[in-house]
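Coordinates as given in entry_37.txt (compact mmCIF, C-alpha atoms):
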```txt
# COMPACT_ATOMS: atom_id res chain seq x y z
CA MET L 189 0.00 0.00 0.00
CA LYS L 190 1.28 3.43 -0.94
CA THR L 191 2.04 5.59 2.10
CA ILE L 192 2.69 9.34 2.11
CA LYS L 193 3.34 11.63 5.03
CA LEU L 194 1.12 14.55 4.14
CA TYR L 195 1.91 16.82 7.05
CA GLU L 196 4.44 16.82 9.82
CA GLY L 197 3.99 19.50 12.44
CA GLN L 198 5.34 20.11 15.88
CA PHE L 199 2.67 18.04 17.61
CA HIS L 200 1.07 15.87 14.99
CA GLU L 201 1.35 14.17 11.60
CA TRP L 202 -1.03 13.26 8.79
CA ILE L 203 -0.29 10.05 6.86
CA VAL L 204 -2.26 8.82 3.88
CA PHE L 205 -2.52 5.19 2.79
CA GLY L 206 -3.88 4.22 -0.61
CA ARG L 207 -3.45 2.50 -3.96
CA ASP L 208 -3.33 -0.92 -2.35
CA PRO L 209 -1.90 -3.33 -4.95
CA ASP L 210 -3.15 -6.32 -2.95
CA LYS L 211 -6.82 -5.34 -3.06
CA PRO L 212 -9.19 -7.45 -5.17
CA SER L 213 -9.46 -5.82 -8.60
CA LYS L 214 -13.21 -5.27 -8.60
CA ILE L 215 -13.42 -3.23 -5.42
CA ILE L 216 -12.98 0.53 -5.52
CA ASP L 217 -9.66 1.97 -4.39
CA THR L 218 -9.77 4.05 -1.21
CA ASN L 219 -7.58 6.45 0.73
CA GLN L 220 -7.21 6.02 4.46
CA PHE L 221 -5.80 8.73 6.74
CA LEU L 222 -3.95 8.46 10.03
CA ILE L 223 -3.47 11.48 12.26
CA LYS L 224 -0.84 10.77 14.85
CA THR L 225 -0.02 12.84 17.92
CA LYS L 226 2.68 12.00 20.45
CA HIS L 227 0.57 9.57 22.47
CA GLU L 228 -2.57 8.91 20.44
CA ALA L 229 -3.88 8.60 16.90
CA ILE L 230 -7.07 8.58 14.87
CA LEU L 231 -7.84 6.62 11.70
CA LEU L 232 -10.18 8.42 9.29
CA ASP L 233 -12.39 6.12 7.21
CA PRO L 234 -10.36 2.98 8.01
CA GLY L 235 -11.60 1.22 4.88
CA GLY L 236 -13.30 -1.97 3.83
CA ILE L 237 -12.76 -5.43 5.23
CA GLU L 238 -10.74 -6.43 2.16
CA LEU L 239 -8.17 -3.76 2.98
CA PHE L 240 -7.84 -4.48 6.66
CA SER L 241 -4.68 -6.60 6.48
CA SER L 242 -2.85 -4.09 4.31
CA MET L 243 -3.95 -1.20 6.52
CA LEU L 244 -2.92 -2.91 9.74
CA ALA L 245 0.40 -3.91 8.20
CA SER L 246 0.94 -0.33 7.03
CA VAL L 247 0.07 1.51 10.23
CA VAL L 248 2.48 -0.56 12.35
CA HIS L 249 5.30 1.04 10.40
CA PHE L 250 4.35 4.32 12.12
CA LEU L 251 3.05 3.46 15.56
CA PRO L 252 2.18 0.60 17.91
CA VAL L 253 -1.39 -0.24 16.99
CA ASP L 254 -2.79 0.41 20.46
CA GLN L 255 -1.77 4.06 20.08
CA ILE L 256 -4.83 4.38 17.82
CA THR L 257 -7.43 5.52 20.31
CA HIS L 258 -10.00 6.92 17.86
CA LEU L 259 -11.63 5.91 14.61
CA PHE L 260 -13.77 8.11 12.42
CA ALA L 261 -16.33 7.02 9.84
CA SER L 262 -17.63 9.79 7.58
CA HIS L 263 -20.67 7.68 6.75
CA GLN L 264 -21.93 4.12 6.60
CA ASP L 265 -20.66 2.72 3.30
CA PRO L 266 -18.75 -0.59 3.27
CA ASP L 267 -15.66 0.88 1.62
CA ILE L 268 -15.49 3.34 4.52
CA ILE L 269 -15.86 1.10 7.52
CA SER L 270 -16.74 -2.55 6.80
CA SER L 271 -13.44 -3.41 8.50
CA LEU L 272 -14.98 -2.25 11.80
CA GLY L 273 -15.45 -5.82 13.11
CA LEU L 274 -11.73 -6.47 12.74
CA TRP L 275 -10.66 -3.14 14.23
CA ASP L 276 -13.01 -4.01 17.06
CA LYS L 277 -10.83 -7.05 17.78
CA THR L 278 -7.61 -5.06 17.32
CA LEU L 279 -8.50 -1.90 19.25
CA PRO L 280 -11.04 -2.93 21.88
CA HIS L 281 -10.55 0.30 23.86
CA ALA L 282 -10.88 2.72 20.94
CA THR L 283 -13.78 5.09 20.26
CA LEU L 284 -15.54 5.28 16.90
CA HIS L 285 -16.84 8.72 15.96
CA ALA L 286 -19.57 8.41 13.37
CA PRO L 287 -22.90 10.05 12.44
CA TRP L 288 -25.60 9.35 15.00
CA ILE L 289 -28.02 8.16 12.35
CA TRP L 290 -25.81 5.22 11.40
CA GLU L 291 -25.16 3.68 14.82
CA GLY L 292 -27.67 0.85 14.46
CA PHE L 293 -26.44 0.20 10.93
CA LEU L 294 -22.70 0.35 11.55
CA ARG L 295 -23.00 -2.08 14.42
CA HIS L 296 -23.89 -4.73 11.81
CA TYR L 297 -20.20 -4.71 10.89
CA GLY L 298 -19.35 -5.77 14.46
CA CYS L 299 -18.82 -3.28 17.25
CA ASN L 300 -18.75 -5.24 20.50
CA ASN L 301 -15.76 -3.63 22.20
CA ILE L 302 -15.22 -0.26 20.55
CA THR L 303 -17.21 2.63 22.03
CA TYR L 304 -19.56 4.28 19.54
CA SER L 305 -19.59 8.05 19.90
CA SER L 306 -22.47 9.57 17.94
CA ILE L 307 -21.72 12.79 16.10
CA PRO L 308 -24.75 15.11 16.24
CA ASP L 309 -26.11 16.55 12.98
CA GLU L 310 -24.54 19.95 13.63
CA GLY L 311 -21.06 18.39 14.04
CA GLU L 312 -18.66 18.73 16.95
CA THR L 313 -15.02 19.15 17.88
CA LEU L 314 -12.91 16.22 18.98
CA LYS L 315 -10.00 16.98 21.28
CA PHE L 316 -7.28 14.54 22.20
CA ASP L 317 -3.63 14.83 23.13
CA GLY L 318 -3.58 18.55 22.35
CA LEU L 319 -5.20 18.15 18.91
CA GLU L 320 -8.54 19.62 17.88
CA LEU L 321 -10.42 18.20 14.93
CA GLN L 322 -13.69 19.63 13.64
CA PHE L 323 -16.36 17.31 12.32
CA ILE L 324 -17.99 19.42 9.59
CA PRO L 325 -21.53 18.47 8.47
CA ALA L 326 -21.73 17.25 4.88
CA HIS L 327 -25.16 15.63 4.95
CA TYR L 328 -26.49 14.29 1.64
CA MET L 329 -23.03 14.68 0.13
CA HIS L 330 -23.65 11.81 -0.63
CA SER L 331 -24.82 10.01 2.47
CA SER L 332 -27.76 11.37 4.47
CA GLY L 333 -25.57 11.37 7.60
CA ASN L 334 -22.11 12.50 6.55
CA PHE L 335 -19.18 14.49 7.94
CA CYS L 336 -15.86 15.91 6.81
CA VAL L 337 -12.92 16.46 9.16
CA TYR L 338 -11.02 19.73 9.34
CA ASP L 339 -7.74 20.27 11.09
CA PRO L 340 -7.15 24.02 11.52
CA ILE L 341 -3.45 23.59 12.34
CA SER L 342 -2.40 21.67 9.23
CA LYS L 343 -5.26 23.23 7.23
CA ILE L 344 -6.23 19.82 5.93
CA LEU L 345 -9.83 19.01 5.09
CA PHE L 346 -10.65 15.31 4.91
CA SER L 347 -13.64 15.50 2.59
CA GLY L 348 -14.83 11.87 2.50
CA ASP L 349 -16.50 11.09 -0.83
CA ILE L 350 -16.52 14.76 -1.91
CA GLY L 351 -13.77 15.34 -4.44
CA GLY L 352 -13.41 11.62 -4.98
CA GLY L 353 -13.37 9.82 -8.27
CA LEU L 354 -13.51 6.40 -9.81
CA ASN L 355 -9.77 6.20 -10.06
CA SER L 356 -7.32 3.41 -10.81
CA LEU L 357 -4.26 2.19 -8.94
CA GLU L 358 -2.02 4.03 -11.39
CA ASP L 359 -3.52 7.46 -10.69
CA PRO L 360 -1.31 9.94 -8.81
CA MET L 361 -1.91 10.58 -5.14
CA PHE L 362 -2.13 14.33 -5.85
CA VAL L 363 -4.07 16.15 -8.55
CA GLU L 364 -1.43 17.20 -11.07
CA ASN L 365 -3.63 18.95 -13.63
CA PHE L 366 -7.12 19.91 -12.49
CA GLU L 367 -8.62 20.15 -16.00
CA ALA L 368 -7.29 16.70 -16.86
CA HIS L 369 -8.62 15.40 -13.54
CA ILE L 370 -12.24 16.42 -14.20
CA PRO L 371 -13.23 13.35 -16.28
CA GLN L 372 -12.33 11.16 -13.30
CA ILE L 373 -14.58 13.00 -10.87
CA LYS L 374 -17.46 14.32 -12.99
CA THR L 375 -19.71 11.26 -13.15
CA PHE L 376 -18.93 10.45 -9.55
CA HIS L 377 -20.23 13.82 -8.34
CA GLN L 378 -23.15 14.03 -10.74
CA ARG L 379 -24.44 10.58 -9.91
CA TRP L 380 -23.43 10.05 -6.28
CA MET L 381 -24.28 13.51 -4.94
CA PRO L 382 -28.06 13.77 -4.83
CA SER L 383 -28.92 17.33 -3.86
CA GLU L 384 -28.18 20.83 -5.19
CA ARG L 385 -29.31 22.28 -1.86
CA ALA L 386 -26.93 20.03 0.08
CA LYS L 387 -24.11 20.89 -2.32
CA ASP L 388 -24.67 24.65 -1.88
CA LYS L 389 -24.82 24.34 1.87
CA TRP L 390 -21.62 22.33 2.01
CA LEU L 391 -19.81 24.76 -0.31
CA LYS L 392 -20.89 27.71 1.81
CA ARG L 393 -19.57 25.95 4.89
CA VAL L 394 -16.17 24.92 3.55
CA ARG L 395 -15.49 28.17 1.71
CA LYS L 396 -15.11 29.72 5.17
CA LEU L 397 -12.23 27.35 5.96
CA ASP L 398 -8.59 27.94 5.19
CA ILE L 399 -7.74 24.77 3.27
CA LYS L 400 -4.29 23.78 2.10
CA TYR L 401 -5.09 20.16 1.27
CA MET L 402 -8.48 18.67 0.48
CA CYS L 403 -8.26 14.92 0.92
CA PRO L 404 -11.02 12.73 -0.52
CA GLN L 405 -11.52 9.12 0.43
CA HIS L 406 -11.16 8.08 -3.24
CA GLY L 407 -8.86 9.47 -5.89
CA SER L 408 -6.31 12.24 -5.73
CA ILE L 409 -5.61 14.89 -3.12
CA TYR L 410 -6.19 18.57 -4.00
CA GLU L 411 -3.45 20.95 -2.99
CA GLY L 412 -3.32 24.74 -2.88
CA ASP L 413 -5.14 26.42 -5.78
CA ASP L 414 -6.68 23.13 -6.88
CA VAL L 415 -8.86 23.21 -3.78
CA GLN L 416 -10.56 26.44 -4.92
CA LYS L 417 -10.71 25.16 -8.50
CA PHE L 418 -12.55 22.11 -7.26
CA LEU L 419 -15.00 24.13 -5.15
CA ASN L 420 -15.77 26.41 -8.10
CA TRP L 421 -16.14 23.46 -10.44
CA LEU L 422 -18.52 21.71 -8.03
CA ASP L 423 -20.51 24.94 -7.65
CA ASP L 424 -21.24 24.93 -11.40
CA LEU L 425 -21.89 21.21 -11.67
CA GLU L 426 -25.40 19.80 -11.86
CA VAL L 427 -25.73 16.95 -9.36
CA GLY L 428 -28.42 14.32 -8.78
CA THR L 429 -28.44 13.31 -12.44
CA GLY L 430 -29.84 9.89 -11.60
CA LEU L 431 -33.21 11.63 -11.43
CA ARG L 432 -33.11 12.30 -15.17
CA VAL L 433 -34.21 8.76 -15.96
CA MET C 53 -18.70 -38.18 11.98
CA ARG C 54 -15.64 -36.49 10.59
CA SER C 55 -13.56 -35.12 13.39
CA ASP C 56 -11.97 -32.40 11.29
CA ILE C 57 -14.75 -29.91 10.77
CA GLU C 58 -13.92 -27.95 7.68
CA LEU C 59 -15.10 -24.41 7.70
CA ARG C 60 -16.81 -24.19 4.39
CA THR C 61 -19.42 -21.70 3.45
CA ASN C 62 -21.94 -24.47 2.83
CA PHE C 63 -21.89 -25.83 6.39
CA TYR C 64 -24.78 -23.74 7.62
CA ILE C 65 -26.71 -24.68 4.49
CA THR C 66 -26.13 -28.34 5.37
CA ALA C 67 -27.65 -27.82 8.79
CA VAL C 68 -30.62 -26.02 7.28
CA SER C 69 -31.14 -28.78 4.72
CA VAL C 70 -31.12 -31.39 7.52
CA SER C 71 -33.73 -29.32 9.27
CA ALA C 72 -35.83 -29.10 6.10
CA ARG C 73 -35.83 -32.89 5.67
CA LEU C 74 -37.23 -33.28 9.14
CA SER C 75 -40.67 -32.21 8.03
CA THR C 76 -41.01 -35.71 6.53
CA VAL C 77 -40.07 -37.28 9.84
CA LEU C 78 -42.55 -35.09 11.67
CA LYS C 79 -45.33 -36.00 9.22
CA GLU C 80 -44.64 -39.73 9.61
CA ALA C 81 -44.44 -39.44 13.40
CA LYS C 82 -47.87 -37.83 13.37
CA ASN C 83 -49.10 -40.68 11.16
CA ILE C 84 -47.82 -43.18 13.73
CA SER C 85 -49.61 -41.24 16.44
CA LEU C 86 -52.85 -41.34 14.43
CA GLU C 87 -52.52 -45.06 13.75
CA ALA C 88 -51.83 -45.65 17.43
CA MET C 89 -55.10 -43.90 18.28
CA ASN C 90 -56.95 -45.99 15.70
CA ALA C 91 -55.40 -49.10 17.21
CA LYS C 92 -56.42 -48.04 20.71
CA ALA C 93 -60.00 -47.51 19.61
CA LEU C 94 -59.97 -50.88 17.90
CA VAL C 95 -58.55 -52.58 21.00
CA ALA C 96 -61.30 -51.04 23.12
CA ARG C 97 -63.93 -52.25 20.69
CA ALA C 98 -62.51 -55.74 20.30
CA GLY C 99 -62.23 -56.23 24.08
CA GLU C 100 -60.56 -59.28 25.70
CA ASN C 101 -59.90 -60.92 22.37
CA VAL C 102 -57.07 -58.43 21.53
CA ARG C 103 -55.78 -57.36 24.92
CA THR C 104 -52.19 -58.32 23.89
CA PHE C 105 -52.35 -55.48 21.42
CA LYS C 106 -52.61 -52.86 24.13
CA PRO C 107 -48.90 -52.68 25.04
CA ILE C 108 -48.14 -52.43 21.32
CA THR C 109 -50.42 -49.44 20.88
CA ASP C 110 -48.90 -47.85 23.99
CA TYR C 111 -45.48 -48.32 22.45
CA MET C 112 -46.63 -46.74 19.19
CA VAL C 113 -47.89 -43.66 21.03
CA GLU C 114 -44.63 -43.43 22.99
CA LEU C 115 -42.60 -43.83 19.82
CA ALA C 116 -44.56 -41.10 18.02
CA ASN C 117 -44.27 -38.69 20.95
CA ASP C 118 -40.54 -39.35 21.37
CA THR C 119 -39.95 -38.85 17.66
CA ILE C 120 -41.82 -35.55 17.65
CA ARG C 121 -39.79 -34.40 20.66
CA LEU C 122 -36.52 -35.47 19.01
CA VAL C 123 -37.43 -33.63 15.82
CA GLU C 124 -37.95 -30.48 17.87
CA GLU C 125 -34.56 -30.97 19.51
CA ILE C 126 -32.94 -31.58 16.12
CA ASN C 127 -34.44 -28.40 14.76
CA ARG C 128 -33.01 -26.49 17.70
CA GLU C 129 -29.62 -28.12 17.22
CA SER C 130 -29.66 -27.44 13.47
CA LEU C 131 -30.27 -23.78 14.19
CA LEU C 132 -27.34 -23.78 16.61
CA ILE C 133 -25.15 -25.40 13.95
CA SER C 134 -26.14 -22.75 11.44
CA LYS C 135 -25.20 -20.05 13.93
CA SER C 136 -21.99 -21.65 15.17
CA SER C 137 -20.80 -22.46 11.65
CA LEU C 138 -21.26 -18.83 10.62
CA ILE C 139 -19.42 -17.68 13.73
CA SER C 140 -16.61 -20.14 12.94
CA LEU C 141 -16.48 -18.97 9.36
CA ARG C 142 -16.18 -15.36 10.50
CA GLY C 143 -13.56 -16.36 13.07
CA ASN C 144 -11.63 -18.15 10.37
CA GLU C 145 -11.73 -15.08 8.16
CA ALA C 146 -10.66 -12.79 11.01
CA PHE C 147 -7.72 -15.03 11.82
CA GLY C 148 -6.83 -15.08 8.11
CA HIS C 149 -6.82 -11.26 7.99
CA PHE C 150 -4.55 -10.98 11.03
CA LEU C 151 -2.22 -13.66 9.65
CA LYS C 152 -2.03 -11.83 6.32
CA ALA C 153 -1.27 -8.56 8.15
CA LYS C 154 1.52 -10.34 10.01
CA ASN C 155 3.08 -11.47 6.74
CA LEU C 156 2.64 -8.09 5.10
CA SER C 157 4.13 -6.19 8.02
CA LYS C 158 7.45 -8.03 8.12
CA GLY C 159 10.14 -5.58 9.09
CA ALA C 160 7.68 -3.01 10.47
CA LEU C 161 8.88 -1.29 13.62
CA TYR C 162 5.74 -2.10 15.57
CA GLN C 163 4.80 -5.43 13.98
CA ASN C 164 4.46 -7.13 17.34
CA SER C 165 1.96 -4.57 18.58
CA PHE C 166 -0.95 -6.61 17.21
CA SER C 167 0.33 -10.02 18.37
CA SER C 168 -2.26 -10.16 21.14
CA ALA C 169 -5.08 -9.56 18.62
CA LEU C 170 -3.67 -12.32 16.39
CA LEU C 171 -3.44 -14.75 19.31
CA ALA C 172 -6.95 -13.85 20.49
CA ALA C 173 -8.31 -14.44 16.98
CA GLU C 174 -6.60 -17.84 16.85
CA LYS C 175 -7.95 -18.77 20.28
CA ASP C 176 -11.45 -17.62 19.31
CA LEU C 177 -11.27 -19.72 16.17
CA GLN C 178 -10.35 -22.85 18.15
CA THR C 179 -13.26 -22.22 20.53
CA PHE C 180 -15.67 -21.65 17.64
CA LYS C 181 -14.52 -24.87 15.95
CA GLN C 182 -14.94 -26.81 19.19
CA ASP C 183 -18.45 -25.42 19.65
CA LEU C 184 -19.31 -26.37 16.10
CA GLN C 185 -17.94 -29.90 16.56
CA LYS C 186 -19.97 -30.22 19.75
CA ASN C 187 -23.15 -29.12 17.96
CA VAL C 188 -22.55 -31.52 15.07
CA ARG C 189 -21.87 -34.38 17.50
CA MET C 190 -25.08 -33.59 19.35
CA LEU C 191 -27.09 -33.53 16.13
CA ASN C 192 -25.63 -36.86 15.09
CA GLU C 193 -26.56 -38.35 18.45
CA LEU C 194 -30.14 -37.14 18.13
CA LEU C 195 -30.44 -38.54 14.62
CA GLU C 196 -28.92 -41.81 15.81
CA GLU C 197 -31.48 -41.96 18.62
CA ILE C 198 -34.36 -41.72 16.15
CA GLU C 199 -32.74 -44.35 13.96
CA THR C 200 -32.33 -46.72 16.92
CA ARG C 201 -35.98 -46.27 17.82
CA MET C 202 -37.02 -47.06 14.28
CA LEU C 203 -34.98 -50.26 14.39
CA ALA C 204 -36.86 -51.18 17.55
CA ALA C 205 -40.06 -50.35 15.69
CA ASN C 206 -39.17 -53.10 13.20
CA VAL C 207 -39.19 -55.64 16.01
CA VAL C 208 -42.52 -54.32 17.25
CA THR C 209 -43.92 -54.58 13.72
CA SER C 210 -43.02 -58.28 13.58
CA THR C 211 -44.60 -58.89 16.98
CA SER C 212 -47.69 -56.93 15.94
CA ARG C 213 -48.02 -59.03 12.79
CA LEU C 214 -47.98 -62.21 14.84
CA GLU C 215 -50.55 -60.77 17.23
CA ALA C 216 -52.73 -59.56 14.36
CA ALA C 217 -52.75 -63.08 12.95
CA THR C 218 -54.28 -64.39 16.19
CA VAL C 219 -57.23 -62.01 16.46
CA SER C 220 -60.67 -62.85 15.15
CA ASN C 221 -61.44 -62.41 11.46
CA LEU C 222 -63.66 -59.49 12.30
CA TYR C 223 -60.74 -57.32 13.40
CA ARG C 224 -57.77 -58.97 11.73
CA ALA C 225 -57.80 -56.89 8.53
CA ASN C 226 -58.01 -53.66 10.53
CA PHE C 227 -55.10 -54.60 12.75
CA GLU C 228 -53.02 -55.74 9.79
CA ALA C 229 -53.67 -52.39 8.04
CA ILE C 230 -52.58 -50.49 11.16
CA VAL C 231 -49.40 -52.57 11.43
CA ALA C 232 -48.63 -52.01 7.73
CA LYS C 233 -49.03 -48.24 8.09
CA PHE C 234 -46.89 -48.26 11.23
CA GLU C 235 -44.22 -50.22 9.39
CA THR C 236 -44.25 -47.83 6.39
CA ALA C 237 -44.03 -44.76 8.63
CA ALA C 238 -41.11 -46.24 10.58
CA LYS C 239 -39.32 -47.15 7.36
CA ASN C 240 -39.80 -43.65 5.93
CA ILE C 241 -38.54 -42.05 9.11
CA ARG C 242 -35.47 -44.27 9.13
CA ALA C 243 -34.73 -43.57 5.48
CA THR C 244 -35.02 -39.80 6.03
CA VAL C 245 -32.86 -39.88 9.12
CA MET C 246 -30.22 -41.93 7.30
CA GLU C 247 -30.30 -39.35 4.52
CA CYS C 248 -29.90 -36.53 7.06
CA ARG C 249 -26.86 -38.20 8.59
CA LYS C 250 -25.41 -38.73 5.15
CA VAL C 251 -25.89 -35.04 4.33
CA LEU C 252 -24.43 -34.00 7.67
CA ASN C 253 -21.37 -36.22 7.58
CA GLY C 254 -20.77 -36.48 3.88
CA ARG C 255 -19.83 -32.87 3.27
```
Any chance you could give the structure as structure tokens?
Amino acid sequence: MKTIKLYEGQFHEWIVFGRDPDKPSKIIDTNQFLIKTKHEAILLDPGGIELFSSMLASVVHFLPVDQITHLFASHQDPDIISSLGLWDKTLPHATLHAPWIWEGFLRHYGCNNITYSSIPDEGETLKFDGLELQFIPAHYMHSSGNFCVYDPISKILFSGDIGGGLNSLEDPMFVENFEAHIPQIKTFHQRWMPSERAKDKWLKRVRKLDIKYMCPQHGSIYEGDDVQKFLNWLDDLEVGTGLRV
Amino acid sequence: MRSDIELRTNFYITAVSVSARLSTVLKEAKNISLEAMNAKALVARAGENVRTFKPITDYMVELANDTIRLVEEINRESLLISKSSLISLRGNEAFGHFLKAKNLSKGALYQNSFSSALLAAEKDLQTFKQDLQKNVRMLNELLEEIETRMLAANVVTSTSRLEAATVSNLYRANFEAIVAKFETAAKNIRATVMECRKVLNGR
């Protein structure tokens, strides 16, 4: 699995894992993010069950696994969190932060030991080991209970499915040419994102943030100017095209 | 019974298919019960002449009731097998994931940090397999019990035939018909149970 240290600050680091060559070919590629402080860590969208072995093998290059005290699931999809049952066996004392509406659903993946911490609709701030992470509401983008994660220190926005694309293993980890990147993300946003109103609300929210990196759970990471380019592009895009039929 | 329970995806289906076959056994057991009641009525009507038939009809009732009870127990056990085989299958997969992570993380600084999870998954898997073996053994024993009872029913059928031959012409045909139905039901039950055991152990 490809591993990149995205940010290294005085008190914490962001590490991205993706492009797993061992994953079965027919499942969608995903990016997983680890934020590590001195004593603790959080895994953002830990991934599907098929990726668990690669993820576990990758994270132990950076920290002892029991240093991961928190997990975050942006929403309920299997590529986001179907590995929960296995993390539950690995990190019995961890806390999963996930939308309140999905608790009864996510527990189907197996959540006997991990503590489920419901994120309210309006979002909240998670503090641990000197770090503050904001859970930003992104409901109906695409899931009806959905959050992004913003770190004001590193200025990184983990955007979940927003900004993602149906990419391949060969695609770069960072957007290199935004115009050339559009074909990879267009259908994904038109078809997966259901609501113009939700899109506008999310854009209004995130435009207030100072974002250096926007990190989707699929595809390539947006850096610097590409973040604004993406937001403007999304603003103009018609979503919910599945309703045309 | 095979001692090495393989964790295949079709194990829980096997248990369910055993359970499905039991509807035949239940139907035949109810037939035996009905025939036993017919026989009892006939014995009461025929009086002294056929009093030797009474213990036979009592046995038929007992056999029918025991079979119905055993079928209920088998259904319960089949359900447990379905559950425990799925748990074992999941445990097997979990252990496989941890083992794969161990291989993939060779050389990682903190590779040993998930050793306890790997060991726990292995221990869980052994427990799940033992539970499954116990459930399968129990199901086999219950099926064997029905089969043994049906073998005993064969002996009773022979005795009943002899007794039927001694009763007056007025009742003989009726008794012979009851014995024949009893024999058929017992044979069907035995055949179904044998099939169930074959399905269970022949995977």
Would you write out, as a Markdown table, a table of all residues in chain C that have an atom no more than 9 Å from an atom of chain L, listing for each the closest atom pair and the distance in Å to one decimal, considering all atoms listed in the file and ordering rows by chain and rising residue number?
```
| residue | atom | partner | partner_atom | distance |
| --- | --- | --- | --- | --- |
| C:Ala146 | CA | L:Leu274 | CA | 6.6 |
| C:Gly148 | CA | L:Ser241 | CA | 8.9 |
| C:His149 | CA | L:Ser241 | CA | 5.3 |
| C:Phe150 | CA | L:Ser241 | CA | 6.3 |
| C:Leu151 | CA | L:Ser241 | CA | 8.1 |
| C:Lys152 | CA | L:Ser241 | CA | 5.9 |
| C:Ala153 | CA | L:Ser241 | CA | 4.3 |
| C:Lys154 | CA | L:Ala245 | CA | 6.8 |
| C:Asn155 | CA | L:Ala245 | CA | 8.2 |
| C:Leu156 | CA | L:Ala245 | CA | 5.7 |
| C:Ser157 | CA | L:Ala245 | CA | 4.4 |
| C:Lys158 | CA | L:Ala245 | CA | 8.2 |
| C:Gly159 | CA | L:His249 | CA | 8.3 |
| C:Ala160 | CA | L:His249 | CA | 4.7 |
| C:Leu161 | CA | L:His249 | CA | 5.3 |
| C:Tyr162 | CA | L:Val248 | CA | 4.8 |
| C:Gln163 | CA | L:Val248 | CA | 5.6 |
| C:Asn164 | CA | L:Pro252 | CA | 8.1 |
| C:Ser165 | CA | L:Pro252 | CA | 5.2 |
| C:Phe166 | CA | L:Val253 | CA | 6.4 |
| C:Ser168 | CA | L:Thr278 | CA | 8.3 |
| C:Ala169 | CA | L:Thr278 | CA | 5.3 |
| C:Leu170 | CA | L:Thr278 | CA | 8.3 |
| C:Ala172 | CA | L:Lys277 | CA | 8.3 |
| C:Ala173 | CA | L:Lys277 | CA | 7.8 |
```
How about saving the chosen residues, C-alpha atoms kept, as an mmCIF file, in the coordinates of the input?
```
data_model
loop_
_atom_site.group_PDB
_atom_site.id
_atom_site.type_symbol
_atom_site.label_atom_id
_atom_site.label_comp_id
_atom_site.auth_asym_id
_atom_site.auth_seq_id
_atom_site.Cartn_x
_atom_site.Cartn_y
_atom_site.Cartn_z
ATOM 1 C CA ALA C 146 -10.660 -12.790 11.010
ATOM 2 C CA GLY C 148 -6.830 -15.080 8.110
ATOM 3 C CA HIS C 149 -6.820 -11.260 7.990
ATOM 4 C CA PHE C 150 -4.550 -10.980 11.030
ATOM 5 C CA LEU C 151 -2.220 -13.660 9.650
ATOM 6 C CA LYS C 152 -2.030 -11.830 6.320
ATOM 7 C CA ALA C 153 -1.270 -8.560 8.150
ATOM 8 C CA LYS C 154 1.520 -10.340 10.010
ATOM 9 C CA ASN C 155 3.080 -11.470 6.740
ATOM 10 C CA LEU C 156 2.640 -8.090 5.100
ATOM 11 C CA SER C 157 4.130 -6.190 8.020
ATOM 12 C CA LYS C 158 7.450 -8.030 8.120
ATOM 13 C CA GLY C 159 10.140 -5.580 9.090
ATOM 14 C CA ALA C 160 7.680 -3.010 10.470
ATOM 15 C CA LEU C 161 8.880 -1.290 13.620
ATOM 16 C CA TYR C 162 5.740 -2.100 15.570
ATOM 17 C CA GLN C 163 4.800 -5.430 13.980
ATOM 18 C CA ASN C 164 4.460 -7.130 17.340
ATOM 19 C CA SER C 165 1.960 -4.570 18.580
ATOM 20 C CA PHE C 166 -0.950 -6.610 17.210
ATOM 21 C CA SER C 168 -2.260 -10.160 21.140
ATOM 22 C CA ALA C 169 -5.080 -9.560 18.620
ATOM 23 C CA LEU C 170 -3.670 -12.320 16.390
ATOM 24 C CA ALA C 172 -6.950 -13.850 20.490
ATOM 25 C CA ALA C 173 -8.310 -14.440 16.980
#
```
What's the separation between atom CA of L:Glu320 and atom CA of L:His406, in Å to one decimal place?
24.2 Å
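Residues lying within 7 Å of C:Val113, counting all atoms listed in the file and ignoring same-chain neighbours fewer than 3 positions away, are Ser85, Ala88, Thr109, Asp110, Ala116 and Asn117 of chain C.
Atom CA of L:Arg379 lies 27.4 Å from atom CA of L:Gln322.
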Shell of 10 Å around stretch 132-141 of chain C, only C-alpha atoms, local chain residues under 3 positions omitted, as a VMD selection string
chain C and resid 57 to 68 126 to 129 144 to 147 176 to 188 190 to 191
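Across C:Lys106, C:Ser212, C:Glu125, C:Gly254, the tightest approach to C:Leu94 is made by C:Lys106 when counting all atoms listed in the file.
Going from atom CA of L:Ala261 over to atom CA of L:Arg295, you cover 12.2 Å.
Candidate residues L:Ser408, L:Ser347, L:Ser262, L:Ser331 were compared for distance to L:Glu364, and the nearest is L:Ser408, using only C-alpha atoms.
Nearest residue to L:Asp317, choosing from L:Thr257, L:Gln405, L:Gln378, L:Ser342 and counting all atoms listed in the file: L:Thr257.
Comparing the minimum interatomic distances between L:Lys214 and each of L:Ile289, L:Phe199, L:Pro404, L:Leu357, counting all atoms listed in the file, we find that L:Leu357 sits nearest.
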Spatial neighbours of stretch 353-356 of chain L, max dist 6 Å, only C-alpha atoms, sep filter under 6 positions, as a PyMOL selection string
chain L and resi 372-373+376+406-407
Show me the residues around (-11.6, 4.9, 15.5) - criterion: an atom at most 12 Å away, all atoms listed in the file counted - as a PyMOL selection string.
chain L and resi 220-223+228-235+253-262+268-269+271-276+278-286+299+301-305+314
I want to know what sits within 12 Å of C:Lys79, based on all atoms listed in the file, with residues of the same chain fewer than 6 positions away left out; could you give that as a ChimeraX atom specification?
/C:73,85-86,116,119-120,123,237-238,240-241,244
